[in-house]
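Text of start-v4.json (JSON, C-alpha atoms) as supplied:
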```json
[["chain", "number", "residue", "atom", "x", "y", "z"],
["D", 1, "ALA", "CA", -83.44, 110.67, 7.47],
["D", 2, "ARG", "CA", -80.57, 108.93, 9.26],
["D", 3, "LEU", "CA", -80.83, 111.33, 12.22],
["D", 4, "ASP", "CA", -84.60, 110.94, 12.40],
["D", 5, "GLU", "CA", -84.07, 107.20, 12.73],
["D", 6, "ASN", "CA", -81.28, 107.55, 15.29],
["D", 7, "PRO", "CA", -80.71, 111.06, 16.71],
["D", 8, "ALA", "CA", -78.03, 109.95, 19.22],
["D", 9, "GLU", "CA", -75.27, 111.84, 17.39],
["D", 10, "LEU", "CA", -77.22, 115.10, 17.48],
["D", 11, "GLU", "CA", -78.34, 114.59, 21.08],
["D", 12, "ALA", "CA", -74.72, 114.04, 22.15],
["D", 13, "ALA", "CA", -73.67, 117.28, 20.46],
["D", 14, "LEU", "CA", -76.46, 119.25, 22.15],
["D", 15, "GLU", "CA", -75.59, 117.85, 25.57],
["D", 16, "LYS", "CA", -72.24, 119.66, 25.35],
["D", 17, "ILE", "CA", -73.94, 123.09, 25.37],
["D", 18, "LYS", "CA", -73.20, 124.86, 28.65],
["D", 19, "SER", "CA", -75.37, 127.91, 28.02],
["D", 20, "HIS", "CA", -79.18, 127.83, 28.31],
["D", 21, "ARG", "CA", -79.65, 130.82, 26.00],
["D", 22, "LEU", "CA", -81.78, 130.11, 22.96],
["D", 23, "GLY", "CA", -79.29, 131.81, 20.61],
["D", 24, "HIS", "CA", -76.49, 129.49, 21.74],
["D", 25, "TYR", "CA", -78.74, 126.45, 21.31],
["D", 26, "PHE", "CA", -79.55, 127.63, 17.78],
["D", 27, "GLU", "CA", -75.85, 128.11, 17.00],
["D", 28, "ALA", "CA", -75.18, 124.56, 18.16],
["D", 29, "LEU", "CA", -77.86, 123.26, 15.80],
["D", 30, "MET", "CA", -76.42, 125.29, 12.91],
["D", 31, "THR", "CA", -72.89, 124.08, 13.64],
["D", 32, "PHE", "CA", -74.01, 120.46, 13.73],
["D", 33, "TRP", "CA", -75.88, 120.88, 10.46],
["D", 34, "LEU", "CA", -72.91, 122.47, 8.69],
["D", 35, "ARG", "CA", -70.61, 119.72, 9.98],
["D", 36, "THR", "CA", -72.84, 116.91, 8.76],
["D", 37, "THR", "CA", -74.45, 118.17, 5.54],
["D", 38, "PRO", "CA", -72.86, 116.45, 2.51],
["D", 39, "SER", "CA", -73.01, 119.60, 0.37],
["D", 40, "HIS", "CA", -70.70, 121.84, 2.44],
["D", 41, "GLU", "CA", -67.48, 121.67, 4.42],
["D", 42, "LEU", "CA", -67.33, 123.67, 7.64],
["D", 43, "LEU", "CA", -64.01, 125.54, 7.76],
["D", 44, "LEU", "CA", -64.45, 127.93, 10.72],
["D", 45, "SER", "CA", -67.11, 128.74, 13.30],
["D", 46, "GLN", "CA", -67.38, 131.67, 15.73],
["D", 47, "PHE", "CA", -64.04, 132.96, 14.44],
["D", 48, "PRO", "CA", -62.89, 136.24, 16.08],
["D", 49, "LEU", "CA", -61.26, 138.96, 14.00],
["D", 50, "ARG", "CA", -58.58, 140.73, 16.02],
["D", 51, "ASN", "CA", -55.99, 143.30, 15.13],
["D", 52, "GLN", "CA", -53.20, 144.38, 17.44],
["D", 53, "HIS", "CA", -55.42, 146.61, 19.53],
["D", 54, "ARG", "CA", -58.95, 145.23, 19.72],
["D", 55, "THR", "CA", -61.50, 142.66, 18.59],
["D", 56, "LEU", "CA", -63.24, 143.89, 15.45],
["D", 57, "GLY", "CA", -65.99, 141.29, 15.41],
["D", 58, "GLU", "CA", -66.67, 137.62, 14.86],
["D", 59, "ILE", "CA", -67.46, 135.53, 11.80],
["D", 60, "ASP", "CA", -70.24, 133.05, 12.49],
["D", 61, "TYR", "CA", -69.24, 130.52, 9.82],
["D", 62, "LEU", "CA", -66.95, 130.01, 6.86],
["D", 63, "VAL", "CA", -67.91, 127.05, 4.69],
["D", 64, "ARG", "CA", -66.82, 125.59, 1.37],
["D", 65, "ASP", "CA", -69.57, 124.75, -1.11],
["D", 66, "LEU", "CA", -68.45, 121.31, -2.29],
["D", 67, "ASN", "CA", -70.38, 121.65, -5.56],
["D", 68, "THR", "CA", -68.81, 124.95, -6.64],
["D", 69, "GLY", "CA", -65.65, 125.10, -4.49],
["D", 70, "LYS", "CA", -66.57, 128.63, -3.37],
["D", 71, "ILE", "CA", -65.90, 129.87, 0.17],
["D", 72, "ILE", "CA", -69.02, 131.38, 1.80],
["D", 73, "HIS", "CA", -69.16, 133.65, 4.83],
["D", 74, "ILE", "CA", -72.44, 132.90, 6.66],
["D", 75, "GLU", "CA", -74.02, 134.94, 9.43],
["D", 76, "VAL", "CA", -76.98, 133.48, 11.32],
["D", 77, "ALA", "CA", -79.70, 134.66, 13.70],
["D", 78, "VAL", "CA", -82.80, 133.25, 15.35],
["D", 79, "LYS", "CA", -85.54, 135.80, 15.98],
["D", 80, "PHE", "CA", -89.21, 136.08, 16.89],
["D", 81, "TYR", "CA", -91.15, 139.11, 15.66],
["D", 82, "LEU", "CA", -94.70, 140.41, 16.01],
["D", 83, "GLY", "CA", -96.18, 142.28, 13.07],
["D", 84, "LYS", "CA", -98.44, 145.32, 13.11],
["D", 85, "GLY", "CA", -99.46, 147.58, 10.25],
["D", 86, "GLU", "CA", -98.17, 147.09, 6.71],
["D", 87, "LEU", "CA", -96.61, 143.64, 6.99],
["D", 88, "ASN", "CA", -94.32, 143.85, 3.95],
["D", 89, "ASN", "CA", -92.42, 146.65, 5.70],
["D", 90, "MET", "CA", -89.71, 145.03, 7.84],
["D", 91, "ALA", "CA", -89.84, 148.02, 10.20],
["D", 92, "ASN", "CA", -93.32, 146.90, 11.29],
["D", 93, "TRP", "CA", -92.04, 143.64, 12.79],
["D", 94, "HIS", "CA", -91.07, 144.07, 16.45],
["D", 95, "GLY", "CA", -89.39, 141.87, 19.00],
["D", 96, "PRO", "CA", -91.59, 140.93, 21.99],
["D", 97, "GLY", "CA", -89.77, 143.42, 24.23],
["D", 98, "LEU", "CA", -90.05, 146.20, 21.60],
["D", 99, "GLN", "CA", -86.26, 146.71, 21.72],
["D", 100, "ASP", "CA", -85.62, 144.96, 18.42],
["D", 101, "ARG", "CA", -86.97, 145.25, 14.86],
["D", 102, "LEU", "CA", -86.60, 143.02, 11.84],
["D", 103, "ASP", "CA", -85.32, 145.79, 9.57],
["D", 104, "LYS", "CA", -82.57, 146.71, 12.05],
["D", 105, "LYS", "CA", -81.49, 143.07, 12.41],
["D", 106, "PHE", "CA", -81.54, 142.49, 8.67],
["D", 107, "ASN", "CA", -79.47, 145.60, 7.98],
["D", 108, "HIS", "CA", -76.96, 144.71, 10.71],
["D", 109, "LEU", "CA", -76.47, 141.22, 9.28],
["D", 110, "SER", "CA", -76.23, 142.28, 5.65],
["D", 111, "ASN", "CA", -74.40, 145.61, 5.97],
["D", 112, "HIS", "CA", -72.13, 144.97, 8.95],
["D", 113, "GLN", "CA", -71.70, 141.35, 10.01],
["D", 114, "THR", "CA", -71.24, 139.86, 6.53],
["D", 115, "GLN", "CA", -68.92, 142.71, 5.56],
["D", 116, "LEU", "CA", -66.31, 141.99, 8.24],
["D", 117, "SER", "CA", -64.46, 139.46, 6.09],
["D", 118, "ARG", "CA", -64.64, 141.83, 3.12],
["D", 119, "GLN", "CA", -63.26, 144.75, 5.14],
["D", 120, "HIS", "CA", -60.49, 142.77, 6.85],
["D", 121, "PRO", "CA", -59.40, 140.03, 4.42],
["D", 122, "GLU", "CA", -55.92, 139.98, 5.95],
["D", 123, "LEU", "CA", -57.42, 138.58, 9.18],
["D", 124, "VAL", "CA", -59.32, 135.76, 7.47],
["D", 125, "PRO", "CA", -57.41, 132.55, 6.61],
["D", 126, "TYR", "CA", -59.50, 131.96, 3.47],
["D", 127, "ALA", "CA", -60.41, 134.12, 0.47],
["D", 128, "VAL", "CA", -64.18, 134.63, 0.68],
["D", 129, "ASP", "CA", -66.21, 134.36, -2.53],
["D", 130, "GLU", "CA", -69.79, 134.80, -1.32],
["D", 131, "TYR", "CA", -71.76, 136.13, 1.64],
["D", 132, "ALA", "CA", -75.03, 134.85, 3.09],
["D", 133, "CYS", "CA", -77.41, 135.42, 6.01],
["D", 134, "ILE", "CA", -79.57, 132.66, 7.46],
["D", 135, "VAL", "CA", -82.38, 133.96, 9.68],
["D", 136, "LYS", "CA", -84.63, 131.45, 11.44],
["D", 137, "GLY", "CA", -87.38, 131.86, 14.00],
["D", 138, "ARG", "CA", -91.06, 132.68, 13.70],
["D", 139, "LEU", "CA", -93.29, 135.57, 12.65],
["D", 140, "PHE", "CA", -96.44, 136.24, 14.65],
["D", 141, "TYR", "CA", -99.21, 137.84, 12.61],
["D", 142, "PRO", "CA", -101.88, 140.23, 13.95],
["D", 143, "PRO", "CA", -105.28, 138.75, 14.86],
["D", 144, "ASN", "CA", -107.77, 138.35, 12.03],
["D", 145, "ILE", "CA", -105.18, 139.19, 9.35],
["D", 146, "GLU", "CA", -104.78, 136.62, 6.56],
["D", 147, "ALA", "CA", -102.13, 138.42, 4.46],
["D", 148, "GLU", "CA", -98.58, 137.09, 4.64],
["D", 149, "THR", "CA", -95.25, 138.71, 3.90],
["D", 150, "THR", "CA", -93.61, 138.47, 0.50],
["D", 151, "PHE", "CA", -90.00, 138.68, 1.78],
["D", 152, "THR", "CA", -90.08, 135.36, 3.65],
["D", 153, "HIS", "CA", -89.95, 131.74, 2.62],
["D", 154, "PRO", "CA", -93.51, 130.60, 1.76],
["D", 155, "HIS", "CA", -93.32, 127.86, 4.41],
["D", 156, "HIS", "CA", -91.81, 129.93, 7.21],
["D", 157, "LEU", "CA", -92.94, 129.22, 10.76],
["D", 158, "HIS", "CA", -95.71, 131.57, 11.79],
["D", 159, "GLY", "CA", -98.20, 132.19, 14.55],
["D", 160, "ARG", "CA", -100.54, 134.88, 15.88],
["D", 161, "TRP", "CA", -100.40, 137.49, 18.60],
["D", 162, "HIS", "CA", -103.40, 138.36, 20.75],
["D", 163, "SER", "CA", -104.22, 140.43, 23.78],
["D", 164, "TYR", "CA", -105.47, 138.54, 26.83],
["D", 165, "PRO", "CA", -107.68, 136.55, 26.89],
["D", 166, "PRO", "CA", -106.76, 134.94, 23.55],
["D", 167, "ASP", "CA", -109.53, 134.72, 21.00],
["D", 168, "SER", "CA", -110.33, 131.20, 19.98],
["D", 169, "ALA", "CA", -113.23, 129.80, 18.04],
["D", 170, "GLU", "CA", -112.30, 126.44, 19.47],
["D", 171, "HIS", "CA", -113.45, 126.49, 23.09],
["D", 172, "SER", "CA", -111.76, 123.14, 23.66],
["D", 173, "ILE", "CA", -108.31, 124.75, 23.20],
["D", 174, "SER", "CA", -106.32, 125.66, 26.30],
["D", 175, "TYR", "CA", -103.24, 127.91, 26.39],
["D", 176, "SER", "CA", -99.95, 127.29, 28.16],
["D", 177, "GLN", "CA", -96.82, 129.42, 28.37],
["D", 178, "LEU", "CA", -93.59, 127.96, 26.98],
["D", 179, "GLN", "CA", -90.10, 128.04, 28.36],
["D", 180, "LYS", "CA", -87.83, 129.95, 26.00],
["D", 181, "LYS", "CA", -85.90, 126.81, 25.05],
["D", 182, "ASP", "CA", -89.14, 125.47, 23.52],
["D", 183, "TRP", "CA", -89.80, 128.48, 21.30],
["D", 184, "LEU", "CA", -88.05, 126.99, 18.27],
["D", 185, "ALA", "CA", -90.05, 123.95, 17.25],
["D", 186, "PRO", "CA", -93.60, 122.58, 17.52],
["D", 187, "LEU", "CA", -94.20, 120.43, 20.60],
["D", 188, "GLU", "CA", -95.08, 116.97, 19.43],
["D", 189, "ASP", "CA", -95.50, 115.59, 22.95],
["D", 190, "MET", "CA", -96.46, 118.04, 25.70],
["D", 191, "ASP", "CA", -95.65, 115.49, 28.40],
["D", 192, "LYS", "CA", -91.95, 115.89, 27.57],
["D", 193, "HIS", "CA", -91.93, 119.67, 28.13],
["D", 194, "GLN", "CA", -92.59, 121.94, 31.08],
["D", 195, "THR", "CA", -95.37, 124.41, 30.33],
["D", 196, "LYS", "CA", -97.30, 126.81, 32.55],
["D", 197, "PRO", "CA", -101.10, 127.10, 32.13],
["D", 198, "LEU", "CA", -102.10, 130.63, 31.16],
["D", 199, "THR", "CA", -104.86, 131.61, 33.58],
["D", 200, "ALA", "CA", -104.38, 135.37, 33.86],
["D", 201, "MET", "CA", -103.01, 138.31, 31.92],
["D", 202, "PRO", "CA", -99.22, 137.91, 31.70],
["D", 203, "PRO", "CA", -97.05, 140.75, 33.09],
["D", 204, "GLU", "CA", -95.00, 140.72, 29.87],
["D", 205, "PRO", "CA", -95.40, 139.22, 26.39],
["D", 206, "ALA", "CA", -95.69, 135.43, 26.68],
["D", 207, "CYS", "CA", -95.02, 132.84, 23.98],
["D", 208, "CYS", "CA", -97.73, 130.19, 24.33],
["D", 209, "ILE", "CA", -99.21, 127.19, 22.62],
["D", 210, "GLY", "CA", -102.86, 126.53, 22.08],
["D", 211, "HIS", "CA", -103.34, 122.85, 22.75],
["D", 212, "ALA", "CA", -106.01, 120.18, 22.87],
["D", 213, "VAL", "CA", -105.76, 116.50, 23.78],
["D", 214, "GLY", "CA", -102.08, 116.97, 24.62],
["D", 215, "LYS", "CA", -101.20, 118.21, 21.12],
["D", 216, "GLU", "CA", -100.11, 121.66, 19.97],
["D", 217, "GLN", "CA", -102.77, 123.28, 17.79],
["D", 218, "SER", "CA", -101.33, 126.80, 17.41],
["D", 219, "ARG", "CA", -98.46, 129.04, 18.47],
["D", 220, "VAL", "CA", -99.38, 132.46, 19.85],
["D", 221, "PHE", "CA", -97.89, 135.43, 21.68],
["D", 222, "ILE", "CA", -100.20, 136.72, 24.39],
["D", 223, "LEU", "CA", -99.67, 140.40, 25.17],
["D", 224, "PRO", "CA", -100.51, 142.39, 28.31],
["D", 225, "GLU", "CA", -103.21, 145.03, 27.98]]
```
Will you turn the file into structure tokens for me?
Amino acid sequence: ARLDENPAELEAALEKIKSHRLGHYFEALMTFWLRTTPSHELLLSQFPLRNQHRTLGEIDYLVRDLNTGKIIHIEVAVKFYLGKGELNNMANWHGPGLQDRLDKKFNHLSNHQTQLSRQHPELVPYAVDEYACIVKGRLFYPPNIEAETTFTHPHHLHGRWHSYPPDSAEHSISYSQLQKKDWLAPLEDMDKHQTKPLTAMPPEPACCIGHAVGKEQSRVFILPE
């Protein structure tokens, strides 16, 4: 509530980001949250694990739960997946470029990334009690499918994917392609963001908003034929 009233502290932290990659922007948001939330103490972030010969990996975050005193190793990711087929099967959720799948990412986080501190406790300056993964992003559901997944939070961000031209019962809705930095959150004011009107079939999957009267109405991925 304090940041909603005066976001200057958050804006100053985000201005320090040198990279324009969405993953780095997301990490900056996570770091800020863990530094400011009253329930946890941030102990380490982006902490490399190195032995004498090579780098074994990196711990995203170590935090102390101030209610329980436990040390938690947290790994994070921000991802956008398009579903097809049986939607409760994580293997049926694909990244827009078809090089990534939700089941692979989930298994990597839970069976590899979070296990680094367990496998190499001598390289970690704190004794870890618990392990957690935080995955944010958005799931894009197939057209005309109302079922939702059971493995996600009930209020997770979601959208639709369509082939071009996008189906819309609302003829007053126009579609514009987003810059990747705007994939994370709904656009409350389109005048503050650079968008590109979608007037032809995109050469590659395009994250777009359906908008009317300058307001976002829906979030969609438009796919080439």
Just want the 8 Å neighbourhood of region 49-59 of chain D, counted on all atoms listed in the file, with same-chain residues fewer than 6 positions away dropped. Output as a PyMOL selection string. chain D and resi 73-75+113-114+116-117+123-124
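We find CA of Ala132 (chain D) and CA of Val63 (chain D) to be spaced 10.7 Å apart.
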Calculated over all atoms listed in the file, which of the candidates D:Asp182, D:Asp60, D:Glu216, D:Asp103 has the smallest distance to Phe151 (chain D)? D:Asp103
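Atom pair CA of Ala12 (chain D) / CA of Thr37 (chain D): separated by 17.1 Å.
Each of D:Gly137, D:Pro96, D:Pro142, D:Pro38 was compared to Gly23 (chain D) using all atoms listed in the file, and D:Gly137 turns out to be the nearest.
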For the contact check between region 62-166 of chain D and region 199-202 of chain D, emit one row per residue of region 62-166 of chain D within 10 Å, containing the shortest atom pair and the distance in Å rounded to one decimal, counting all atoms listed in the file, chain then rising number order, as a tab-separated table.
```
residue	atom	partner	partner_atom	distance
D:Ser163	CA	D:Met201	CA	8.5
D:Tyr164	CA	D:Met201	CA	5.7
D:Pro165	CA	D:Met201	CA	7.1
D:Pro166	CA	D:Met201	CA	9.8
```
Contacts of Lys196 (chain D) within 12 Å, only C-alpha atoms, excl. fewer than 4 positions in-chain, as number ranges by chain: D: 174-180, 190, 200, 202, 206-210
Could you rebuild region 101-112 of chain D with all heavy atoms and give it back as a PDB file, keeping the file's coordinate frame?
```
ATOM      1  N   ARG D 101     -86.107 145.228  16.034  1.00  0.00           N
ATOM      2  CA  ARG D 101     -86.970 145.250  14.860  1.00  0.00           C
ATOM      3  C   ARG D 101     -86.299 144.452  13.752  1.00  0.00           C
ATOM      4  O   ARG D 101     -85.072 144.414  13.631  1.00  0.00           O
ATOM      5  CB  ARG D 101     -87.201 146.673  14.362  1.00  0.00           C
ATOM      6  CG  ARG D 101     -88.179 147.484  15.147  1.00  0.00           C
ATOM      7  CD  ARG D 101     -88.787 148.632  14.338  1.00  0.00           C
ATOM      8  NE  ARG D 101     -87.918 149.222  13.339  1.00  0.00           N
ATOM      9  CZ  ARG D 101     -87.480 150.481  13.360  1.00  0.00           C
ATOM     10  NH1 ARG D 101     -87.842 151.281  14.371  1.00  0.00           N
ATOM     11  NH2 ARG D 101     -86.708 150.948  12.411  1.00  0.00           N
ATOM     12  N   LEU D 102     -87.120 143.854  12.908  1.00  0.00           N
ATOM     13  CA  LEU D 102     -86.600 143.020  11.840  1.00  0.00           C
ATOM     14  C   LEU D 102     -85.735 143.801  10.866  1.00  0.00           C
ATOM     15  O   LEU D 102     -84.702 143.315  10.413  1.00  0.00           O
ATOM     16  CB  LEU D 102     -87.760 142.343  11.100  1.00  0.00           C
ATOM     17  CG  LEU D 102     -87.395 141.451   9.914  1.00  0.00           C
ATOM     18  CD1 LEU D 102     -86.374 140.392  10.303  1.00  0.00           C
ATOM     19  CD2 LEU D 102     -88.647 140.808   9.324  1.00  0.00           C
ATOM     20  N   ASP D 103     -86.118 145.026  10.518  1.00  0.00           N
ATOM     21  CA  ASP D 103     -85.320 145.790   9.570  1.00  0.00           C
ATOM     22  C   ASP D 103     -83.942 146.111  10.128  1.00  0.00           C
ATOM     23  O   ASP D 103     -82.936 146.046   9.415  1.00  0.00           O
ATOM     24  CB  ASP D 103     -86.046 147.084   9.159  1.00  0.00           C
ATOM     25  CG  ASP D 103     -86.284 148.025  10.338  1.00  0.00           C
ATOM     26  OD1 ASP D 103     -86.579 147.525  11.449  1.00  0.00           O
ATOM     27  OD2 ASP D 103     -86.178 149.250  10.156  1.00  0.00           O
ATOM     28  N   LYS D 104     -83.869 146.427  11.436  1.00  0.00           N
ATOM     29  CA  LYS D 104     -82.570 146.710  12.050  1.00  0.00           C
ATOM     30  C   LYS D 104     -81.688 145.470  12.052  1.00  0.00           C
ATOM     31  O   LYS D 104     -80.483 145.545  11.768  1.00  0.00           O
ATOM     32  CB  LYS D 104     -82.772 147.215  13.480  1.00  0.00           C
ATOM     33  CG  LYS D 104     -83.435 148.582  13.572  1.00  0.00           C
ATOM     34  CD  LYS D 104     -83.573 149.012  15.029  1.00  0.00           C
ATOM     35  CE  LYS D 104     -84.202 150.385  15.156  1.00  0.00           C
ATOM     36  NZ  LYS D 104     -84.346 150.794  16.580  1.00  0.00           N
ATOM     37  N   LYS D 105     -82.274 144.308  12.384  1.00  0.00           N
ATOM     38  CA  LYS D 105     -81.490 143.070  12.410  1.00  0.00           C
ATOM     39  C   LYS D 105     -81.017 142.707  11.023  1.00  0.00           C
ATOM     40  O   LYS D 105     -79.861 142.324  10.818  1.00  0.00           O
ATOM     41  CB  LYS D 105     -82.335 141.938  13.005  1.00  0.00           C
ATOM     42  CG  LYS D 105     -81.546 140.652  13.225  1.00  0.00           C
ATOM     43  CD  LYS D 105     -80.412 140.885  14.227  1.00  0.00           C
ATOM     44  CE  LYS D 105     -79.602 139.631  14.464  1.00  0.00           C
ATOM     45  NZ  LYS D 105     -78.502 139.855  15.423  1.00  0.00           N
ATOM     46  N   PHE D 106     -81.891 142.834  10.048  1.00  0.00           N
ATOM     47  CA  PHE D 106     -81.540 142.490   8.670  1.00  0.00           C
ATOM     48  C   PHE D 106     -80.404 143.383   8.167  1.00  0.00           C
ATOM     49  O   PHE D 106     -79.436 142.908   7.565  1.00  0.00           O
ATOM     50  CB  PHE D 106     -82.766 142.632   7.777  1.00  0.00           C
ATOM     51  CG  PHE D 106     -82.521 142.265   6.344  1.00  0.00           C
ATOM     52  CD1 PHE D 106     -82.568 140.946   5.930  1.00  0.00           C
ATOM     53  CD2 PHE D 106     -82.232 143.245   5.402  1.00  0.00           C
ATOM     54  CE1 PHE D 106     -82.322 140.609   4.604  1.00  0.00           C
ATOM     55  CE2 PHE D 106     -81.990 142.914   4.080  1.00  0.00           C
ATOM     56  CZ  PHE D 106     -82.036 141.589   3.679  1.00  0.00           C
ATOM     57  N   ASN D 107     -80.514 144.679   8.436  1.00  0.00           N
ATOM     58  CA  ASN D 107     -79.470 145.600   7.980  1.00  0.00           C
ATOM     59  C   ASN D 107     -78.147 145.345   8.688  1.00  0.00           C
ATOM     60  O   ASN D 107     -77.073 145.456   8.079  1.00  0.00           O
ATOM     61  CB  ASN D 107     -79.925 147.050   8.221  1.00  0.00           C
ATOM     62  CG  ASN D 107     -81.025 147.470   7.275  1.00  0.00           C
ATOM     63  OD1 ASN D 107     -81.135 146.945   6.172  1.00  0.00           O
ATOM     64  ND2 ASN D 107     -81.862 148.405   7.715  1.00  0.00           N
ATOM     65  N   HIS D 108     -78.205 144.996   9.972  1.00  0.00           N
ATOM     66  CA  HIS D 108     -76.960 144.710  10.710  1.00  0.00           C
ATOM     67  C   HIS D 108     -76.277 143.472  10.141  1.00  0.00           C
ATOM     68  O   HIS D 108     -75.053 143.461   9.960  1.00  0.00           O
ATOM     69  CB  HIS D 108     -77.283 144.512  12.190  1.00  0.00           C
ATOM     70  CG  HIS D 108     -76.071 144.250  13.034  1.00  0.00           C
ATOM     71  ND1 HIS D 108     -75.121 145.217  13.300  1.00  0.00           N
ATOM     72  CD2 HIS D 108     -75.639 143.119  13.677  1.00  0.00           C
ATOM     73  CE1 HIS D 108     -74.159 144.709  14.060  1.00  0.00           C
ATOM     74  NE2 HIS D 108     -74.453 143.446  14.297  1.00  0.00           N
ATOM     75  N   LEU D 109     -77.061 142.444   9.840  1.00  0.00           N
ATOM     76  CA  LEU D 109     -76.470 141.220   9.280  1.00  0.00           C
ATOM     77  C   LEU D 109     -75.877 141.467   7.897  1.00  0.00           C
ATOM     78  O   LEU D 109     -74.756 141.043   7.609  1.00  0.00           O
ATOM     79  CB  LEU D 109     -77.535 140.123   9.196  1.00  0.00           C
ATOM     80  CG  LEU D 109     -77.951 139.451  10.493  1.00  0.00           C
ATOM     81  CD1 LEU D 109     -79.161 138.551  10.252  1.00  0.00           C
ATOM     82  CD2 LEU D 109     -76.802 138.635  11.082  1.00  0.00           C
ATOM     83  N   SER D 110     -76.642 142.144   7.038  1.00  0.00           N
ATOM     84  CA  SER D 110     -76.230 142.280   5.650  1.00  0.00           C
ATOM     85  C   SER D 110     -75.207 143.384   5.415  1.00  0.00           C
ATOM     86  O   SER D 110     -74.345 143.271   4.536  1.00  0.00           O
ATOM     87  CB  SER D 110     -77.448 142.506   4.748  1.00  0.00           C
ATOM     88  OG  SER D 110     -78.153 143.651   5.164  1.00  0.00           O
ATOM     89  N   ASN D 111     -75.283 144.460   6.222  1.00  0.00           N
ATOM     90  CA  ASN D 111     -74.400 145.610   5.970  1.00  0.00           C
ATOM     91  C   ASN D 111     -73.230 145.713   6.936  1.00  0.00           C
ATOM     92  O   ASN D 111     -72.322 146.513   6.715  1.00  0.00           O
ATOM     93  CB  ASN D 111     -75.215 146.905   6.035  1.00  0.00           C
ATOM     94  CG  ASN D 111     -76.279 146.970   4.966  1.00  0.00           C
ATOM     95  OD1 ASN D 111     -76.077 146.472   3.866  1.00  0.00           O
ATOM     96  ND2 ASN D 111     -77.417 147.564   5.283  1.00  0.00           N
ATOM     97  N   HIS D 112     -73.249 144.925   8.002  1.00  0.00           N
ATOM     98  CA  HIS D 112     -72.130 144.970   8.950  1.00  0.00           C
ATOM     99  C   HIS D 112     -71.493 143.592   9.146  1.00  0.00           C
ATOM    100  O   HIS D 112     -70.320 143.395   8.820  1.00  0.00           O
ATOM    101  CB  HIS D 112     -72.599 145.521  10.298  1.00  0.00           C
ATOM    102  CG  HIS D 112     -71.525 145.501  11.350  1.00  0.00           C
ATOM    103  ND1 HIS D 112     -70.410 146.322  11.289  1.00  0.00           N
ATOM    104  CD2 HIS D 112     -71.372 144.738  12.473  1.00  0.00           C
ATOM    105  CE1 HIS D 112     -69.617 146.065  12.322  1.00  0.00           C
ATOM    106  NE2 HIS D 112     -70.180 145.111  13.050  1.00  0.00           N
TER     107      HIS D 112
END
```
